[in-house]
Amino acid sequence: MDRIIFHIDVNNAFLSWTAIDLLKRGYKYDIRNSYAVIGGDEKARSGIVLAKSMPAKKLGIYTSETLYSARKKCKVLKVYQPNYKFYSEMSKKLFELLKNYSPDIEIASIDECYMDYGKVKNIYGDPIEFAYKLKKEIKDILGFTVNIGIANNKLCAKMASDFSKPDKVHTLFETEIKEKMYPLKIDDLFGIGKKTAPKFHSLGIHTIGDLANSNIEYLSKQFKNQALVYINMAKGIDNNPVISEESIPDSISNETTLNRDINNKLELYQYLLALSESVGIRIRKQKKYASVIAVILKDRYFKRRTHQKKLINPTNITSEIYEISKEVFDEMWECEPIRLIGIRLDGLMDNLYFQTSLFEDGNIRDEQEQIEAVIDDLKEKYGYKIIKKAGLIENKIRHKE
DNA sequence: TCTGGGGTCCTAGGACCC
DNA sequence: TCTGGGGTCCTAGGACCC
């Protein structure tokens, strides 16, 4: 039986949602119709475009471009700060609305998801008609537009929702792949980024159709096992199911760009402490334990390095995360000035089997965990500012939720 | 006042064991 | 005293996505 999959994608999510937020607060005009972008904070050295309005896009402004460069393209450009809390509320509302129609929703990111329509087709009828209805309902109730791609698998649904924007429904059924997808540039294929696309061009493969029809042996020389994966993608073959379960993350990370390059060890330790705190809160919320702790550094030349340590006893205790991250940091840091520092908790597990060493008292560990649980609760109730570990610097690290 | 942050997946190489 | 290979675990880095 043929599957029918929807890919639902919010148009200019951050910008649209900020527009709605501003209108609610009495803003007199809709920034979606003006030269506007959502951007980072230049003073904090995070000044890049996160989302742009259609008029800004028409001037050639693109996501991830520096605000400095965007302003050169548009003298009257308005820059708005992101409001992640509001975004996450809007995102939740969208997915709740969709779940009224089908429980088979796979959340792909804050502003996009897949829906397995095949299972509810008997109830709602023709997928295209339904998609138009759905799109209108989202616009009427939530106030923003979406694109909906309809296809026989997730990859094609995703490609279809990207065809032309905004506020559109597109199909890319198996029978339409040659006509609608083969003529597109190889760069437009989902999964081909700015490193891989040039490699294909240099092999004379310029369109998705070129890739679909190319010789596997020839491609294998350069791409090894990935060659077949790429060819299948180009042919629009994808058997991945829509997975509706709330997914538990494989890793939890926090990183922060420092407001200036720092090469003072004690100062960098302060950031490690703050980061340990914020990833610690998040992992405890998941009721998980990390078996790997990694430290991420970026130097002034934007070169990233990671170094990690595998733990015999997985942990979710802030003080342990901090101590281990310091060790890892000491092993890797070559006294160079640091632009960005981060911590990643990896190898997350439910765990609960600890190898208590002869010298470690298991009870102390339990007590520590209980203390942190109480602190987390208090913070949730009264805000993060109420309790601070000694030495934790003010407001440097954003706590995610 | 020039270049974010949070993820996932894949690969390659080294260590180690049989 | 000539030369294995397979499997697994671990680490670092790269590519990609939103």
# chains A, B, ... in the order shown; residues from 1 in each chain; ligands from 1

call {"tool": "interface_residues", "arguments": {"of": "chain A", "to": "chain C", "cutoff": "10 Å", "atoms": "only C-alpha atoms (C1' of nucleotides)", "output": "short mmCIF file (atom, residue, chain, number, x, y, z; two decimals) with N, CA and C atoms, in the first residue's frame"}}
result
data_model
loop_
_atom_site.label_atom_id
_atom_site.label_comp_id
_atom_site.auth_asym_id
_atom_site.auth_seq_id
_atom_site.Cartn_x
_atom_site.Cartn_y
_atom_site.Cartn_z
N LEU A 50 19.04 35.08 11.83
CA LEU A 50 18.41 33.80 12.18
C LEU A 50 17.18 33.54 11.31
N ALA A 108 10.12 17.21 13.74
CA ALA A 108 11.47 17.19 13.17
C ALA A 108 12.32 18.33 13.71
N SER A 109 11.67 19.44 14.04
CA SER A 109 12.37 20.56 14.67
C SER A 109 11.31 21.49 15.21
N ILE A 110 11.71 22.63 15.72
CA ILE A 110 10.75 23.53 16.36
C ILE A 110 9.65 23.97 15.39
N ASP A 111 9.93 23.98 14.10
CA ASP A 111 8.96 24.53 13.16
C ASP A 111 8.57 23.58 12.03
N GLU A 112 8.80 22.30 12.18
CA GLU A 112 8.40 21.39 11.11
C GLU A 112 8.13 19.99 11.65
N PHE A 190 17.83 17.51 -0.19
CA PHE A 190 17.95 17.47 1.26
C PHE A 190 19.08 16.51 1.66
N GLY A 191 20.03 17.02 2.41
CA GLY A 191 21.15 16.17 2.83
C GLY A 191 22.44 16.48 2.08
N ILE A 192 22.32 17.25 1.00
CA ILE A 192 23.51 17.70 0.28
C ILE A 192 23.78 19.14 0.69
N GLY A 193 24.90 19.35 1.32
CA GLY A 193 25.20 20.69 1.81
C GLY A 193 26.27 21.39 0.99
N LYS A 194 26.83 22.41 1.56
CA LYS A 194 27.73 23.24 0.77
C LYS A 194 29.12 22.62 0.58
N LYS A 195 29.40 21.54 1.28
CA LYS A 195 30.68 20.85 1.06
C LYS A 195 30.54 19.79 -0.04
N THR A 196 29.40 19.10 -0.03
CA THR A 196 29.22 17.97 -0.94
C THR A 196 28.79 18.41 -2.33
N ARG A 304 37.23 24.55 15.65
CA ARG A 304 36.60 23.85 16.79
C ARG A 304 37.40 22.61 17.14
N ARG A 305 37.50 22.35 18.42
CA ARG A 305 38.11 21.10 18.87
C ARG A 305 37.24 20.51 19.96
N THR A 306 37.20 19.19 20.01
CA THR A 306 36.48 18.55 21.12
C THR A 306 37.40 17.55 21.78
N HIS A 307 37.16 17.35 23.03
CA HIS A 307 37.90 16.33 23.76
C HIS A 307 36.90 15.75 24.74
N GLN A 308 36.96 14.44 24.94
CA GLN A 308 35.94 13.84 25.78
C GLN A 308 36.51 12.78 26.70
N LYS A 309 35.69 12.42 27.65
CA LYS A 309 36.10 11.39 28.60
C LYS A 309 34.93 10.46 28.85
N LYS A 310 35.24 9.19 28.78
CA LYS A 310 34.21 8.19 29.07
C LYS A 310 34.25 7.87 30.55
#

call {"tool": "atom_distance", "arguments": {"atom1": "CA of Gly47 in chain A", "atom2": "CA of Ile343 in chain A"}}
result
22.0 Å

call {"tool": "select_by_dssp", "arguments": {"residues": "range 80-297 of chain A", "states": "alpha helix (DSSP H)", "output": "ChimeraX atom specification"}}
result
/A:84-99,121-124,127-142,154-161,177-180,196-202,208-212,216-223,226-234,265-285

call {"tool": "residues_around", "arguments": {"residues": "Pro55 in chain A", "least_positions_apart": "2", "cutoff": "10 Å", "atoms": "only C-alpha atoms (C1' of nucleotides)", "output": "list in words"}}
result
Ile31, Arg32, Asn33, Ser34, Tyr35, Ala36, Val37, Lys52, Ser53, Lys57, Lys58, Leu59, Gly60 and Ile61 of chain A

call {"tool": "write_last_selection", "arguments": {"atoms": "N, CA and C atoms", "output": "short mmCIF file (atom, residue, chain, number, x, y, z; two decimals), in the first residue's frame"}}
result
data_model
loop_
_atom_site.label_atom_id
_atom_site.label_comp_id
_atom_site.auth_asym_id
_atom_site.auth_seq_id
_atom_site.Cartn_x
_atom_site.Cartn_y
_atom_site.Cartn_z
N ILE A 31 5.71 43.03 10.77
CA ILE A 31 7.09 43.06 10.28
C ILE A 31 7.34 42.06 9.15
N ARG A 32 6.38 41.15 8.94
CA ARG A 32 6.52 40.22 7.81
C ARG A 32 6.52 40.96 6.47
N ASN A 33 5.90 42.17 6.48
CA ASN A 33 5.81 42.94 5.24
C ASN A 33 6.87 44.03 5.14
N SER A 34 7.83 44.01 6.06
CA SER A 34 8.84 45.07 6.02
C SER A 34 10.24 44.45 5.91
N TYR A 35 11.25 45.30 5.81
CA TYR A 35 12.62 44.80 5.77
C TYR A 35 13.06 44.47 7.19
N ALA A 36 12.87 43.22 7.55
CA ALA A 36 13.13 42.84 8.94
C ALA A 36 13.84 41.49 9.00
N VAL A 37 14.66 41.35 10.04
CA VAL A 37 15.27 40.04 10.32
C VAL A 37 15.23 39.78 11.82
N LYS A 52 14.58 35.80 8.12
CA LYS A 52 14.38 37.06 7.41
C LYS A 52 12.97 37.10 6.84
N SER A 53 12.47 38.34 6.64
CA SER A 53 11.16 38.50 6.02
C SER A 53 11.30 38.29 4.51
N LYS A 57 14.48 38.99 2.10
CA LYS A 57 15.02 37.90 1.29
C LYS A 57 15.22 38.36 -0.16
N LYS A 58 14.27 39.17 -0.63
CA LYS A 58 14.34 39.64 -2.01
C LYS A 58 15.58 40.50 -2.25
N LEU A 59 16.11 41.10 -1.17
CA LEU A 59 17.33 41.89 -1.31
C LEU A 59 18.59 41.03 -1.19
N GLY A 60 18.38 39.73 -1.07
CA GLY A 60 19.54 38.83 -1.04
C GLY A 60 20.05 38.53 0.35
N ILE A 61 19.28 38.90 1.36
CA ILE A 61 19.69 38.60 2.73
C ILE A 61 19.36 37.14 3.04
#

call {"tool": "atom_distance", "arguments": {"atom1": "CA of Ala212 in chain A", "atom2": "CA of Met233 in chain A"}}
result
7.9 Å

call {"tool": "select_by_dssp", "arguments": {"residues": "range 51-184 of chain A", "states": "strand (DSSP E or B)", "output": "PyMOL selection string"}}
result
chain A and resi 51-52+66+78-80+105-109+112-116+146-151+169-172

call {"tool": "residues_around", "arguments": {"residues": "range 311-314 of chain A", "least_positions_apart": "5", "cutoff": "6 Å", "atoms": "only C-alpha atoms (C1' of nucleotides)", "output": "PyMOL selection string"}}
result
chain A and resi 289-292+354

call {"tool": "residues_around", "arguments": {"residues": "range 260-266 of chain A", "least_positions_apart": "4", "cutoff": "12 Å", "atoms": "only C-alpha atoms (C1' of nucleotides)", "output": "ChimeraX atom specification"}}
result
/A:42-46,256,270-273,297-302,326,329-330,333-341,391-393

call {"tool": "write_last_selection", "arguments": {"atoms": "C-alpha atoms", "output": "JSON list (two decimals), in the first residue's frame"}}
result
[["chain", "number", "residue", "atom", "x", "y", "z"],
["A", 42, "GLU", "CA", 26.36, 41.82, 17.95],
["A", 43, "LYS", "CA", 27.80, 42.95, 21.27],
["A", 44, "ALA", "CA", 27.80, 39.35, 22.40],
["A", 45, "ARG", "CA", 29.52, 38.50, 19.11],
["A", 46, "SER", "CA", 26.57, 36.49, 17.89],
["A", 256, "THR", "CA", 28.47, 29.87, 24.53],
["A", 270, "GLN", "CA", 33.80, 29.82, 35.64],
["A", 271, "TYR", "CA", 32.17, 29.23, 32.30],
["A", 272, "LEU", "CA", 32.60, 25.50, 32.68],
["A", 273, "LEU", "CA", 30.81, 25.72, 36.01],
["A", 297, "LEU", "CA", 36.48, 24.86, 22.34],
["A", 298, "LYS", "CA", 36.57, 27.24, 19.43],
["A", 299, "ASP", "CA", 39.58, 29.47, 18.94],
["A", 300, "ARG", "CA", 39.75, 32.90, 17.39],
["A", 301, "TYR", "CA", 40.22, 31.38, 13.96],
["A", 302, "PHE", "CA", 36.91, 29.52, 14.39],
["A", 326, "LYS", "CA", 37.78, 20.72, 34.12],
["A", 329, "PHE", "CA", 39.62, 20.92, 29.52],
["A", 330, "ASP", "CA", 43.06, 20.77, 31.17],
["A", 333, "TRP", "CA", 43.71, 23.42, 26.32],
["A", 334, "GLU", "CA", 46.92, 24.77, 24.87],
["A", 335, "CYS", "CA", 46.64, 28.20, 26.48],
["A", 336, "GLU", "CA", 45.25, 29.66, 23.29],
["A", 337, "PRO", "CA", 42.61, 32.40, 23.52],
["A", 338, "ILE", "CA", 39.14, 30.89, 23.43],
["A", 339, "ARG", "CA", 36.18, 32.29, 21.54],
["A", 340, "LEU", "CA", 33.59, 29.68, 22.44],
["A", 341, "ILE", "CA", 33.38, 27.09, 25.16],
["A", 391, "GLY", "CA", 31.48, 31.15, 41.98],
["A", 392, "LEU", "CA", 28.83, 30.95, 39.33],
["A", 393, "ILE", "CA", 29.01, 33.98, 37.18]]

call {"tool": "atom_distance", "arguments": {"atom1": "CA of Ile105 in chain A", "atom2": "CA of Asp250 in chain A"}}
result
19.9 Å

call {"tool": "decode", "arguments": {"residues": "chain B", "atoms": "C-alpha atoms (C1' of nucleotides)", "output": "PDB file, in the first residue's frame"}}
result
ATOM      1  C1'  DT B   1      30.212  45.817  16.248  1.00  0.00           C
ATOM      2  C1'  DC B   2      32.300  40.173  11.421  1.00  0.00           C
ATOM      3  C1'  DT B   3      30.984  34.951  11.421  1.00  0.00           C
ATOM      4  C1'  DG B   4      25.026  31.240  16.910  1.00  0.00           C
ATOM      5  C1'  DG B   5      23.527  27.213  19.257  1.00  0.00           C
ATOM      6  C1'  DG B   6      21.526  22.706  19.502  1.00  0.00           C
ATOM      7  C1'  DG B   7      21.348  18.589  17.569  1.00  0.00           C
ATOM      8  C1'  DT B   8      22.206  13.901  14.445  1.00  0.00           C
ATOM      9  C1'  DC B   9      24.830  10.813  11.754  1.00  0.00           C
ATOM     10  C1'  DC B  10      29.008   9.113   9.543  1.00  0.00           C
ATOM     11  C1'  DT B  11      33.983   8.041   9.015  1.00  0.00           C
ATOM     12  C1'  DA B  12      38.625   7.062  10.075  1.00  0.00           C
ATOM     13  C1'  DG B  13      42.139   5.619  12.988  1.00  0.00           C
ATOM     14  C1'  DG B  14      44.062   3.572  17.172  1.00  0.00           C
ATOM     15  C1'  DA B  15      43.860   0.221  20.978  1.00  0.00           C
ATOM     16  C1'  DC B  16      42.838  -4.128  22.293  1.00  0.00           C
ATOM     17  C1'  DC B  17      41.366  -8.892  22.124  1.00  0.00           C
ATOM     18  C1'  DC B  18      40.944 -13.441  20.065  1.00  0.00           C
TER      19       DC B  18
END
